[in-house]
>>> print(open('input-v4.tsv').read())   # TSV, C-alpha atoms
chain	number	residue	atom	x	y	z
A	1	MET	CA	9.89	2.21	-4.27
A	2	LEU	CA	11.48	3.69	-1.14
A	3	ARG	CA	9.56	6.90	-1.78
A	4	LEU	CA	6.31	4.87	-1.79
A	5	TYR	CA	7.33	3.22	1.49
A	6	ARG	CA	8.07	6.53	3.19
A	7	SER	CA	4.90	8.24	2.01
A	8	ALA	CA	2.81	5.24	3.09
A	9	GLY	CA	4.29	5.28	6.58
A	10	ALA	CA	3.92	9.05	6.91
A	11	LEU	CA	0.25	8.95	5.89
A	12	ALA	CA	-0.60	6.00	8.13
A	13	GLU	CA	1.00	7.70	11.12
A	14	LEU	CA	-0.86	10.92	10.28
A	15	TYR	CA	-4.06	8.86	10.69
A	16	GLY	CA	-2.82	7.49	14.04
A	17	TYR	CA	-1.63	4.03	12.96
A	18	ALA	CA	1.33	2.31	14.62
A	19	TYR	CA	3.89	0.32	12.65
A	20	VAL	CA	3.76	-3.46	13.09
A	21	GLU	CA	6.15	-6.06	11.70
A	22	THR	CA	5.23	-9.72	11.43
A	23	ALA	CA	7.21	-12.84	10.62
A	24	ILE	CA	8.11	-13.66	7.02
A	25	LEU	CA	7.53	-17.36	7.77
A	26	GLU	CA	4.32	-18.37	9.52
A	27	PRO	CA	2.85	-21.76	10.46
A	28	THR	CA	0.90	-22.99	7.43
A	29	GLU	CA	-2.22	-23.59	9.51
A	30	LEU	CA	-2.51	-19.83	10.10
A	31	PHE	CA	-3.49	-19.43	6.45
A	32	THR	CA	-5.37	-22.69	5.89
A	33	ALA	CA	-7.54	-22.03	8.96
A	34	THR	CA	-8.30	-18.41	8.11
A	35	SER	CA	-8.13	-18.00	4.33
A	36	GLY	CA	-10.09	-21.17	3.58
A	37	GLU	CA	-8.98	-24.47	2.09
A	38	SER	CA	-10.73	-23.64	-1.19
A	39	SER	CA	-9.16	-20.19	-1.62
A	40	ASP	CA	-6.61	-19.68	-4.39
A	41	VAL	CA	-4.09	-18.48	-1.80
A	42	VAL	CA	-4.23	-21.84	-0.01
A	43	ARG	CA	-4.80	-24.21	-2.96
A	44	LYS	CA	-2.55	-22.68	-5.63
A	45	GLU	CA	-0.43	-19.78	-4.49
A	46	LYS	CA	1.28	-20.42	-1.18
A	47	TYR	CA	4.99	-21.23	-0.87
A	48	THR	CA	5.04	-24.01	1.72
A	49	PHE	CA	7.78	-26.32	2.97
A	50	GLU	CA	8.76	-28.37	6.01
A	51	ASP	CA	11.63	-27.29	8.25
A	52	ARG	CA	14.08	-29.68	9.90
A	53	SER	CA	11.64	-30.36	12.72
A	54	GLY	CA	8.90	-31.36	10.29
A	55	ARG	CA	6.84	-28.21	10.85
A	56	SER	CA	4.94	-26.91	7.85
A	57	LEU	CA	5.84	-23.26	7.22
A	58	THR	CA	4.56	-20.81	4.60
A	59	LEU	CA	6.03	-17.63	3.22
A	60	ARG	CA	3.63	-14.82	4.13
A	61	PRO	CA	1.09	-14.55	1.25
A	62	GLU	CA	-1.05	-11.81	2.86
A	63	GLY	CA	-0.78	-9.51	5.84
A	64	THR	CA	-4.09	-9.50	7.70
A	65	ALA	CA	-3.94	-12.92	9.37
A	66	PRO	CA	-0.34	-12.38	10.61
A	67	ALA	CA	-1.29	-8.93	11.93
A	68	MET	CA	-4.26	-10.42	13.81
A	69	ARG	CA	-2.05	-13.19	15.18
A	70	ALA	CA	0.44	-10.59	16.43
A	71	TYR	CA	-2.39	-8.57	17.98
A	72	LEU	CA	-3.87	-11.58	19.79
A	73	ALA	CA	-0.45	-12.48	21.18
A	74	LYS	CA	-0.21	-9.07	22.89
A	75	VAL	CA	-3.90	-8.22	23.30
A	76	HIS	CA	-3.68	-7.57	27.05
A	77	GLU	CA	-0.93	-5.02	26.51
A	78	LEU	CA	-2.68	-3.12	23.70
A	79	PRO	CA	-5.45	-0.51	23.67
A	80	PRO	CA	-9.03	-1.69	22.96
A	81	LEU	CA	-8.86	-0.03	19.54
A	82	PHE	CA	-5.67	-1.12	17.77
A	83	LYS	CA	-4.70	0.64	14.55
A	84	ALA	CA	-1.66	-0.75	12.76
A	85	TYR	CA	0.11	-0.48	9.42
A	86	TYR	CA	2.79	-2.52	7.71
A	87	ILE	CA	4.95	-2.24	4.61
A	88	GLU	CA	6.30	-5.63	3.69
A	89	PRO	CA	7.19	-8.17	1.02
A	90	GLU	CA	4.72	-10.99	0.44
A	91	TRP	CA	4.91	-14.09	-1.76
A	92	ARG	CA	2.46	-15.98	-3.94
A	93	TYR	CA	3.20	-18.58	-6.55
A	94	GLY	CA	2.00	-17.95	-10.08
A	95	ARG	CA	3.14	-17.18	-13.60
A	96	PRO	CA	5.05	-13.89	-13.40
A	97	GLN	CA	3.61	-11.15	-15.59
A	98	ALA	CA	3.06	-7.41	-15.51
A	99	GLY	CA	1.23	-6.64	-12.29
A	100	ARG	CA	1.58	-10.16	-10.86
A	101	LEU	CA	4.91	-10.98	-9.23
A	102	ARG	CA	5.87	-13.90	-7.05
A	103	GLU	CA	7.47	-11.50	-4.59
A	104	PHE	CA	5.63	-8.21	-4.24
A	105	ARG	CA	5.45	-5.23	-1.86
A	106	VAL	CA	2.34	-4.41	0.16
A	107	PHE	CA	1.21	-1.40	2.18
A	108	GLY	CA	-1.48	-2.57	4.57
A	109	VAL	CA	-3.51	-1.11	7.43
A	110	GLU	CA	-5.70	-2.82	10.00
A	111	VAL	CA	-8.22	-1.44	12.49
A	112	ILE	CA	-8.91	-4.08	15.14
A	113	GLY	CA	-11.47	-3.78	17.92
A	114	THR	CA	-14.47	-1.92	16.50
A	115	PRO	CA	-17.49	-3.11	14.49
A	116	ASP	CA	-18.50	0.48	13.70
A	117	PRO	CA	-18.75	1.45	10.00
A	118	GLY	CA	-16.52	4.43	10.81
A	119	GLY	CA	-13.56	2.05	10.82
A	120	ASP	CA	-14.44	0.89	7.31
A	121	VAL	CA	-14.76	4.48	6.15
A	122	GLU	CA	-11.40	5.50	7.60
A	123	VAL	CA	-9.35	2.75	5.99
A	124	ILE	CA	-11.02	3.33	2.61
A	125	ALA	CA	-10.47	7.10	2.86
A	126	LEU	CA	-6.83	6.50	3.80
A	127	ALA	CA	-6.29	4.34	0.71
A	128	ASP	CA	-8.00	6.91	-1.49
A	129	SER	CA	-5.83	9.69	-0.05
A	130	TYR	CA	-2.66	7.69	-0.63
A	131	LEU	CA	-3.44	6.97	-4.28
A	132	ARG	CA	-4.34	10.60	-4.99
A	133	ALA	CA	-1.21	11.84	-3.22
A	134	ARG	CA	0.82	9.62	-5.55
A	135	GLY	CA	-0.59	11.62	-8.46
A	136	LEU	CA	-3.09	8.99	-9.62
A	137	SER	CA	-6.52	9.97	-10.92
A	138	ARG	CA	-7.62	7.23	-13.34
A	139	PHE	CA	-8.84	4.74	-10.77
A	140	ASN	CA	-12.19	3.84	-9.24
A	141	LEU	CA	-13.49	2.37	-6.00
A	142	ARG	CA	-16.00	-0.51	-6.02
A	143	ILE	CA	-17.69	-1.60	-2.81
A	144	ASN	CA	-20.16	-4.24	-1.72
A	145	SER	CA	-21.45	-5.95	1.39
A	146	ILE	CA	-21.16	-9.74	1.51
A	147	GLY	CA	-23.21	-10.12	4.68
A	148	ASP	CA	-22.31	-12.11	7.76
A	149	GLU	CA	-23.09	-15.40	9.48
A	150	ARG	CA	-26.78	-14.43	9.82
A	151	CYS	CA	-27.65	-13.68	6.20
A	152	ARG	CA	-24.89	-15.24	4.12
A	153	PRO	CA	-25.74	-18.94	4.64
A	154	ALA	CA	-29.20	-18.55	3.10
A	155	TYR	CA	-27.73	-16.52	0.26
A	156	GLY	CA	-25.06	-19.19	-0.27
A	157	GLU	CA	-27.75	-21.83	-0.71
A	158	GLU	CA	-29.62	-19.67	-3.21
A	159	LEU	CA	-26.42	-18.92	-5.12
A	160	SER	CA	-25.44	-22.62	-5.16
A	161	ALA	CA	-28.80	-23.54	-6.66
A	162	TYR	CA	-28.34	-20.88	-9.35
A	163	LEU	CA	-24.80	-22.07	-10.13
A	164	GLU	CA	-25.95	-25.67	-10.30
A	165	ALA	CA	-28.47	-24.65	-12.94
A	166	ASN	CA	-25.68	-22.90	-14.87
A	167	ARG	CA	-22.89	-25.39	-14.16
A	168	ASP	CA	-22.07	-26.01	-17.85
A	169	ARG	CA	-21.27	-22.32	-18.38
A	170	LEU	CA	-18.63	-22.21	-15.64
A	171	VAL	CA	-14.90	-22.63	-16.12
A	172	ASP	CA	-13.78	-26.21	-15.38
A	173	GLU	CA	-12.40	-25.46	-11.92
A	174	HIS	CA	-15.61	-23.86	-10.65
A	175	ARG	CA	-17.79	-26.38	-12.46
A	176	ILE	CA	-16.26	-29.03	-10.22
A	177	ARG	CA	-15.73	-27.14	-6.96
A	178	PHE	CA	-18.29	-24.34	-6.69
A	179	GLN	CA	-20.18	-26.07	-3.88
A	180	GLU	CA	-17.19	-25.58	-1.53
A	181	ASN	CA	-17.61	-21.83	-1.63
A	182	PRO	CA	-20.05	-20.52	-4.24
A	183	LEU	CA	-18.97	-16.89	-3.67
A	184	ARG	CA	-15.62	-17.70	-5.32
A	185	VAL	CA	-17.37	-17.92	-8.68
A	186	LEU	CA	-18.26	-14.24	-8.33
A	187	ASP	CA	-14.53	-13.48	-7.94
A	188	CYS	CA	-13.55	-15.36	-11.12
A	189	MET	CA	-12.39	-13.32	-14.14
A	190	ASP	CA	-13.10	-16.05	-16.72
A	191	GLU	CA	-15.56	-14.79	-19.36
A	192	GLY	CA	-17.97	-17.66	-18.77
A	193	CYS	CA	-17.99	-17.15	-15.00
A	194	VAL	CA	-18.40	-13.38	-15.42
A	195	ALA	CA	-21.43	-13.97	-17.65
A	196	VAL	CA	-22.95	-16.34	-15.09
A	197	SER	CA	-22.20	-13.92	-12.23
A	198	SER	CA	-23.97	-11.07	-13.98
A	199	GLY	CA	-27.28	-12.94	-13.72
A	200	ALA	CA	-26.71	-14.40	-10.25
A	201	PRO	CA	-28.82	-13.37	-7.25
A	202	LYS	CA	-27.29	-10.35	-5.51
A	203	ILE	CA	-26.40	-10.54	-1.84
A	204	SER	CA	-26.82	-6.77	-1.55
A	205	ASP	CA	-30.56	-7.42	-2.00
A	206	ARG	CA	-30.61	-10.13	0.67
A	207	LEU	CA	-28.77	-8.57	3.62
A	208	CYS	CA	-30.14	-8.86	7.13
A	209	ASP	CA	-31.12	-5.60	8.83
A	210	PRO	CA	-27.85	-5.17	10.84
A	211	CYS	CA	-25.72	-5.74	7.70
A	212	ARG	CA	-27.92	-3.40	5.67
A	213	GLU	CA	-27.62	-0.68	8.31
A	214	HIS	CA	-23.86	-1.17	8.55
A	215	PHE	CA	-23.42	-0.90	4.79
A	216	ALA	CA	-25.60	2.20	4.65
A	217	GLY	CA	-23.35	3.72	7.31
A	218	VAL	CA	-20.26	2.94	5.22
A	219	ARG	CA	-21.69	4.52	2.08
A	220	SER	CA	-22.90	7.57	3.97
A	221	GLY	CA	-19.49	7.96	5.59
A	222	LEU	CA	-17.71	7.76	2.24
A	223	GLU	CA	-19.98	10.47	0.90
A	224	GLY	CA	-19.10	12.60	3.92
A	225	GLU	CA	-15.40	12.04	3.18
A	226	SER	CA	-15.99	12.91	-0.51
A	227	VAL	CA	-14.68	9.50	-1.60
A	228	PRO	CA	-16.41	8.56	-4.88
A	229	HIS	CA	-17.47	4.93	-5.17
A	230	VAL	CA	-19.78	2.61	-7.06
A	231	LEU	CA	-21.78	-0.36	-5.81
A	232	ASP	CA	-20.67	-3.65	-7.38
A	233	PRO	CA	-23.06	-6.41	-6.24
A	234	THR	CA	-20.75	-9.14	-7.62
A	235	LEU	CA	-17.67	-7.94	-5.71
A	236	VAL	CA	-16.36	-10.44	-3.16
A	237	ARG	CA	-12.91	-10.94	-1.72
A	238	GLY	CA	-10.94	-14.14	-2.27
A	239	LEU	CA	-10.38	-15.07	1.39
A	240	ASP	CA	-12.92	-16.72	3.68
A	241	TYR	CA	-12.47	-14.42	6.65
A	242	TYR	CA	-14.17	-11.41	5.02
A	243	THR	CA	-17.62	-10.31	6.27
A	244	ARG	CA	-19.83	-7.37	5.42
A	245	THR	CA	-17.82	-4.64	3.65
A	246	ALA	CA	-15.65	-5.60	0.69
A	247	PHE	CA	-13.92	-3.06	-1.52
A	248	GLU	CA	-11.37	-2.72	-4.32
A	249	PHE	CA	-9.56	0.17	-5.96
A	250	GLY	CA	-8.86	-0.56	-9.63
A	251	SER	CA	-6.65	1.35	-12.06
A	252	ASP	CA	-7.74	1.99	-15.64
A	253	GLU	CA	-4.05	1.81	-16.61
A	254	LEU	CA	-3.68	-1.88	-15.74
A	255	SER	CA	-4.89	-4.95	-17.60
A	256	PRO	CA	-8.37	-6.22	-16.63
A	257	GLY	CA	-7.03	-9.24	-14.79
A	258	GLN	CA	-4.50	-7.23	-12.76
A	259	ARG	CA	-6.27	-3.88	-12.38
A	260	THR	CA	-6.77	-4.08	-8.60
A	261	VAL	CA	-4.20	-1.93	-6.80
A	262	CYS	CA	-5.83	-2.14	-3.37
A	263	GLY	CA	-8.37	-4.46	-1.83
A	264	GLY	CA	-9.79	-5.05	1.59
A	265	GLY	CA	-12.81	-5.27	3.80
A	266	ARG	CA	-14.16	-6.28	7.16
A	267	TYR	CA	-13.14	-9.55	8.83
A	268	ASP	CA	-15.14	-9.85	12.05
A	269	GLY	CA	-14.79	-13.66	12.11
A	270	LEU	CA	-11.00	-13.86	11.69
A	271	ALA	CA	-10.06	-13.97	15.39
A	272	GLU	CA	-12.58	-16.75	16.03
A	273	ALA	CA	-11.07	-18.77	13.17
A	274	MET	CA	-7.80	-18.55	15.14
A	275	GLY	CA	-9.48	-19.88	18.27
A	276	ALA	CA	-9.78	-16.49	20.01
A	277	SER	CA	-12.76	-14.49	21.23
A	278	PRO	CA	-14.78	-12.58	18.63
A	279	THR	CA	-12.78	-9.51	17.61
A	280	PRO	CA	-14.00	-7.22	14.82
A	281	GLY	CA	-11.55	-5.80	12.31
A	282	VAL	CA	-11.25	-4.06	8.96
A	283	GLY	CA	-8.31	-3.22	6.73
A	284	PHE	CA	-6.72	-3.27	3.29
A	285	GLY	CA	-3.67	-4.44	1.40
A	286	MET	CA	-2.27	-2.25	-1.38
A	287	GLY	CA	0.12	-3.60	-4.01
A	288	LEU	CA	2.89	-1.00	-4.31
A	289	ASP	CA	4.29	-2.67	-7.44
A	290	ARG	CA	0.92	-2.08	-9.11
A	291	VAL	CA	0.83	1.49	-7.83
A	292	MET	CA	4.11	2.05	-9.67
A	293	LEU	CA	2.69	0.51	-12.85
A	294	ALA	CA	-0.36	2.76	-12.57
A	295	GLN	CA	1.91	5.77	-12.15
A	296	ASP	CA	3.84	4.77	-15.25
A	297	GLY	CA	0.58	4.44	-17.15
A	298	GLU	CA	-0.57	7.90	-16.09
A	299	GLY	CA	2.85	9.45	-16.69
A	300	VAL	CA	3.32	10.29	-13.00
A	301	ALA	CA	6.92	10.55	-11.86
A	302	GLU	CA	7.85	10.11	-8.21
A	303	ALA	CA	10.74	12.17	-6.87
A	304	VAL	CA	13.97	10.17	-6.99
A	305	ASP	CA	15.33	8.98	-3.64
A	306	GLY	CA	18.91	9.69	-2.68
A	307	VAL	CA	19.14	13.02	-4.53
A	308	PRO	CA	20.98	15.72	-2.55
A	309	ARG	CA	19.31	19.09	-2.33
A	310	CYS	CA	22.67	20.85	-2.35
A	311	PHE	CA	25.97	19.84	-3.94
A	312	VAL	CA	29.03	21.47	-2.37
A	313	VAL	CA	31.76	22.52	-4.80
A	314	ALA	CA	35.28	23.16	-3.45
A	315	VAL	CA	37.55	25.27	-5.69
A	316	GLY	CA	41.20	24.91	-4.76
A	317	GLU	CA	42.92	22.82	-2.13
A	318	ALA	CA	42.70	25.56	0.50
A	319	ALA	CA	38.90	25.45	0.34
A	320	ARG	CA	38.44	21.71	0.84
A	321	GLU	CA	38.43	21.80	4.65
A	322	TRP	CA	35.90	24.65	4.64
A	323	ALA	CA	33.76	22.77	2.11
A	324	SER	CA	33.65	19.76	4.45
A	325	ARG	CA	32.37	22.04	7.20
A	326	VAL	CA	29.73	23.43	4.83
A	327	VAL	CA	28.52	19.88	4.11
A	328	ARG	CA	28.30	19.06	7.83
A	329	THR	CA	26.45	22.29	8.62
A	330	LEU	CA	23.87	21.82	5.88
A	331	ARG	CA	23.18	18.24	6.94
A	332	ALA	CA	22.82	19.31	10.58
A	333	SER	CA	20.20	21.81	9.39
A	334	GLY	CA	18.15	19.11	7.67
A	335	ILE	CA	19.36	19.74	4.11
A	336	SER	CA	20.67	16.73	2.23
A	337	ALA	CA	24.13	17.59	0.94
A	338	ALA	CA	26.86	15.85	-1.05
A	339	SER	CA	30.21	16.70	-2.61
A	340	GLY	CA	32.89	15.14	-4.77
A	341	PHE	CA	35.73	13.30	-3.08
A	342	GLU	CA	38.47	14.21	-5.55
A	343	PRO	CA	39.75	17.67	-6.54
A	344	ARG	CA	38.30	18.73	-9.92
A	345	PRO	CA	37.98	21.99	-11.88
A	346	LEU	CA	34.98	24.23	-11.13
A	347	LYS	CA	33.15	23.40	-14.38
A	348	ALA	CA	33.59	19.66	-13.84
A	349	GLN	CA	32.18	19.89	-10.31
A	350	LEU	CA	29.23	21.97	-11.48
A	351	ARG	CA	28.48	19.28	-14.07
A	352	MET	CA	28.58	16.74	-11.24
A	353	ALA	CA	26.15	18.90	-9.28
A	354	GLY	CA	23.73	19.02	-12.22
A	355	ARG	CA	23.94	15.28	-12.85
A	356	SER	CA	23.35	14.54	-9.17
A	357	GLY	CA	19.88	16.10	-9.46
A	358	ALA	CA	20.61	18.69	-6.78
A	359	GLY	CA	18.64	21.91	-6.86
A	360	PHE	CA	21.50	24.04	-5.50
A	361	ALA	CA	25.27	24.24	-5.58
A	362	ALA	CA	27.28	25.68	-2.69
A	363	ILE	CA	30.50	27.06	-4.18
A	364	VAL	CA	33.45	27.46	-1.85
A	365	GLY	CA	36.79	28.98	-2.91
A	366	GLU	CA	39.68	30.53	-1.05
A	367	LYS	CA	37.74	33.81	-0.73
A	368	GLU	CA	34.73	32.13	0.88
A	369	ALA	CA	36.94	30.01	3.14
A	370	GLY	CA	38.75	33.10	4.39
A	371	ALA	CA	35.54	35.08	4.95
A	372	GLY	CA	33.50	32.24	6.44
A	373	THR	CA	30.93	32.47	3.65
A	374	VAL	CA	29.48	30.31	0.89
A	375	THR	CA	28.17	31.19	-2.57
A	376	LEU	CA	24.83	29.49	-3.14
A	377	ARG	CA	23.65	28.99	-6.72
A	378	ARG	CA	20.21	27.81	-7.82
A	379	LEU	CA	21.02	25.42	-10.64
A	380	SER	CA	17.74	25.86	-12.51
A	381	ASP	CA	18.48	29.47	-13.49
A	382	GLY	CA	21.94	30.35	-12.13
A	383	GLN	CA	20.68	32.80	-9.50
A	384	GLN	CA	23.26	33.00	-6.73
A	385	GLU	CA	24.05	34.83	-3.53
A	386	GLU	CA	27.00	34.91	-1.15
A	387	LEU	CA	25.99	34.39	2.46
A	388	ARG	CA	27.59	33.60	5.78
A	389	LEU	CA	27.54	29.89	6.51
A	390	ASN	CA	25.07	30.26	9.39
A	391	ASP	CA	22.55	31.82	6.97
A	392	ALA	CA	23.03	29.33	4.12
A	393	ALA	CA	20.56	26.70	5.28
A	394	ALA	CA	17.79	29.24	5.87
A	395	TRP	CA	18.33	30.63	2.35
A	396	ILE	CA	18.00	27.18	0.77
A	397	HIS	CA	14.90	26.39	2.84
A	398	SER	CA	13.32	29.61	1.58
A	399	GLN	CA	14.00	28.94	-2.09
A	400	SER	CA	12.04	27.10	-4.74
A	401	GLU	CA	14.29	24.97	-6.91
A	402	THR	CA	12.23	25.94	-9.97
A	403	PRO	CA	12.04	29.71	-10.63
A	404	ALA	CA	8.54	31.15	-10.78
>>> encode(input="input-v4.tsv", output="structure tokens")
Amino acid sequence: MLRLYRSAGALAELYGYAYVETAILEPTELFTATSGESSDVVRKEKYTFEDRSGRSLTLRPEGTAPAMRAYLAKVHELPPLFKAYYIEPEWRYGRPQAGRLREFRVFGVEVIGTPDPGGDVEVIALADSYLRARGLSRFNLRINSIGDERCRPAYGEELSAYLEANRDRLVDEHRIRFQENPLRVLDCMDEGCVAVSSGAPKISDRLCDPCREHFAGVRSGLEGESVPHVLDPTLVRGLDYYTRTAFEFGSDELSPGQRTVCGGGRYDGLAEAMGASPTPGVGFGMGLDRVMLAQDGEGVAEAVDGVPRCFVVAVGEAAREWASRVVRTLRASGISAASGFEPRPLKAQLRMAGRSGAGFAAIVGEKEAGAGTVTLRRLSDGQQEELRLNDAAAWIHSQSETPA
């Protein structure tokens, strides 16, 4: 998991995103006011309790609203275009199962301050790049536009009338509550709701001109970035603050109900829901636990964290002080190095080197200690060379750990 964290941070910073860290506990109203009272996050999944002062607090169930809150608190100190990323644990209540944990890890990015479709394109391209860099290939990207405050109300009325006519085919929960937010039916995975959704009117056919132009800009931009995608007219996101672009990356290696590894979209109305001035934004949240499951399904192995690149072997008591200096020198040169703490025979230490996962062993005996040298051995094929200590790091940097 640490490898996923590091690669996520490195990629986000390559794209010009700054790290942001928000509170684990937030006031409950932050989520009820922004996610929507009828959303599953608010109604079913949040961990909420009162503190000693009687304040209602909630464990962070998603990252976008806290990131926007943090931005608004410092807005006068930040640039007009704010690009942030976070890697954090989040919590949602539910029955634990493969791909759905009560505590899970999320890599998220947010672009706040621009309504331009280029922002949508960048965050989607970043997510696509991250998944491909993790060795994944059996996934797809679905996108849709869910309109905005100009075109969505009329569509909502049309959809409500359609759902009313098909009420008996809906799962019990939506049969009772679909009027609160009819778009939630489109997000339901129940077979009956899926069948109803397939025949529902499509918002992509009912967008106003600005939303249609924005969505065309997103799709054109994705084509320019060579990011393959498919239009899914039933795709919506489960939180009320989304507008216009909605997207999901799904893995073919995960079960149908848990196949989404990354989801996001545009949320131009979120700041207003918090009582602030209109502030456009777009971003995504990626479930790193599901990324790991997808990697397992595709047989992709991440490099193991904490593996030294070089294991230093000291042969004889007289060489131990020199071996310690070798370890310090390699580390100072940016090469991870380790050694045993107790004196052992050469063969035993070489076995330790192999089991550590190191690619190289630096062998130091009395001869090397006296000459100021080190014998470097590539463990994959036994190739070795005796070099002066000052040249050892450069030799390791120049070597492949797997012979050609």
>>> residues_near_point(input="input-v4.tsv", point="(-19.1, -9.9, -3.5)", cutoff="10 Å", atoms="all atoms listed in the file", output="PyMOL selection string")
chain A and resi 143-147+183-187+202-204+232-238+242-247
>>> write_last_selection(input="input-v4.tsv", atoms="C-alpha atoms", output="compact mmCIF listing (two decimals), in the coordinates of the input")
# COMPACT_ATOMS: atom_id res chain seq x y z
CA ILE A 143 -17.69 -1.60 -2.81
CA ASN A 144 -20.16 -4.24 -1.72
CA SER A 145 -21.45 -5.95 1.39
CA ILE A 146 -21.16 -9.74 1.51
CA GLY A 147 -23.21 -10.12 4.68
CA LEU A 183 -18.97 -16.89 -3.67
CA ARG A 184 -15.62 -17.70 -5.32
CA VAL A 185 -17.37 -17.92 -8.68
CA LEU A 186 -18.26 -14.24 -8.33
CA ASP A 187 -14.53 -13.48 -7.94
CA LYS A 202 -27.29 -10.35 -5.51
CA ILE A 203 -26.40 -10.54 -1.84
CA SER A 204 -26.82 -6.77 -1.55
CA ASP A 232 -20.67 -3.65 -7.38
CA PRO A 233 -23.06 -6.41 -6.24
CA THR A 234 -20.75 -9.14 -7.62
CA LEU A 235 -17.67 -7.94 -5.71
CA VAL A 236 -16.36 -10.44 -3.16
CA ARG A 237 -12.91 -10.94 -1.72
CA GLY A 238 -10.94 -14.14 -2.27
CA TYR A 242 -14.17 -11.41 5.02
CA THR A 243 -17.62 -10.31 6.27
CA ARG A 244 -19.83 -7.37 5.42
CA THR A 245 -17.82 -4.64 3.65
CA ALA A 246 -15.65 -5.60 0.69
CA PHE A 247 -13.92 -3.06 -1.52
>>> residues_around(input="input-v4.tsv", residues="Lys46 of chain A", least_positions_apart="4", cutoff="10 Å", atoms="all atoms listed in the file", output="number ranges by chain")
A: 28, 31-32, 40-42, 57-62, 91-94, 102
>>> write_last_selection(input="input-v4.tsv", atoms="C-alpha atoms", output="PDB file, keeping the file's coordinate frame")
ATOM      1  CA  THR A  28       0.900 -22.990   7.430  1.00  0.00           C
ATOM      2  CA  PHE A  31      -3.490 -19.430   6.450  1.00  0.00           C
ATOM      3  CA  THR A  32      -5.370 -22.690   5.890  1.00  0.00           C
ATOM      4  CA  ASP A  40      -6.610 -19.680  -4.390  1.00  0.00           C
ATOM      5  CA  VAL A  41      -4.090 -18.480  -1.800  1.00  0.00           C
ATOM      6  CA  VAL A  42      -4.230 -21.840  -0.010  1.00  0.00           C
ATOM      7  CA  LEU A  57       5.840 -23.260   7.220  1.00  0.00           C
ATOM      8  CA  THR A  58       4.560 -20.810   4.600  1.00  0.00           C
ATOM      9  CA  LEU A  59       6.030 -17.630   3.220  1.00  0.00           C
ATOM     10  CA  ARG A  60       3.630 -14.820   4.130  1.00  0.00           C
ATOM     11  CA  PRO A  61       1.090 -14.550   1.250  1.00  0.00           C
ATOM     12  CA  GLU A  62      -1.050 -11.810   2.860  1.00  0.00           C
ATOM     13  CA  TRP A  91       4.910 -14.090  -1.760  1.00  0.00           C
ATOM     14  CA  ARG A  92       2.460 -15.980  -3.940  1.00  0.00           C
ATOM     15  CA  TYR A  93       3.200 -18.580  -6.550  1.00  0.00           C
ATOM     16  CA  GLY A  94       2.000 -17.950 -10.080  1.00  0.00           C
ATOM     17  CA  ARG A 102       5.870 -13.900  -7.050  1.00  0.00           C
TER      18      ARG A 102
END
>>> closest_atom_pairs(input="input-v4.tsv", of="segment 231-268 of chain A", to="segment 114-137 of chain A", cutoff="8 Å", atoms="all atoms listed in the file", output="JSON lines")
{"residue": "A:Thr245", "atom": "CA", "partner": "A:Asp120", "partner_atom": "CA", "distance": 7.4}
{"residue": "A:Cys262", "atom": "CA", "partner": "A:Ala127", "partner_atom": "CA", "distance": 7.7}
{"residue": "A:Gly265", "atom": "CA", "partner": "A:Asp120", "partner_atom": "CA", "distance": 7.3}
{"residue": "A:Arg266", "atom": "CA", "partner": "A:Asp120", "partner_atom": "CA", "distance": 7.2}
{"residue": "A:Asp268", "atom": "CA", "partner": "A:Pro115", "partner_atom": "CA", "distance": 7.5}
>>> atom_distance(input="input-v4.tsv", atom1="atom CA of Tyr15 of chain A", atom2="atom CA of Lys74 of chain A")
22.0 Å
>>> closest_residue(input="input-v4.tsv", among="A:His397, A:Lys367, A:Arg55, A:Arg142", to="Val227 of chain A", atoms="only C-alpha atoms")
A:Arg142
>>> residues_around(input="input-v4.tsv", residues="Tyr241 of chain A", least_positions_apart="4", cutoff="10 Å", atoms="all atoms listed in the file", output="NGL selection string")
:A and (33-36 or 64-65 or 237 or 265-273)
>>> atom_distance(input="input-v4.tsv", atom1="atom CA of Val194 of chain A", atom2="atom CA of Gly281 of chain A")
29.6 Å
>>> build_atoms(input="input-v4.tsv", residues="segment 187-193 of chain A", atoms="N, CA and C atoms", output="tab-separated table (two decimals), in the frame of the given file")
chain	number	residue	atom	x	y	z
A	187	ASP	N	-15.86	-14.10	-7.91
A	187	ASP	CA	-14.53	-13.48	-7.94
A	187	ASP	C	-13.72	-13.92	-9.15
A	188	CYS	N	-14.27	-14.80	-9.97
A	188	CYS	CA	-13.55	-15.36	-11.12
A	188	CYS	C	-13.61	-14.39	-12.29
A	189	MET	N	-12.47	-14.25	-13.01
A	189	MET	CA	-12.39	-13.32	-14.14
A	189	MET	C	-12.61	-14.03	-15.48
A	190	ASP	N	-12.82	-15.34	-15.47
A	190	ASP	CA	-13.10	-16.05	-16.72
A	190	ASP	C	-14.39	-15.52	-17.35
A	191	GLU	N	-14.40	-15.38	-18.68
A	191	GLU	CA	-15.56	-14.79	-19.36
A	191	GLU	C	-16.85	-15.54	-19.07
A	192	GLY	N	-16.77	-16.88	-19.05
A	192	GLY	CA	-17.97	-17.66	-18.77
A	192	GLY	C	-18.49	-17.41	-17.37
A	193	CYS	N	-17.58	-17.39	-16.38
A	193	CYS	CA	-17.99	-17.15	-15.00
A	193	CYS	C	-18.53	-15.73	-14.82
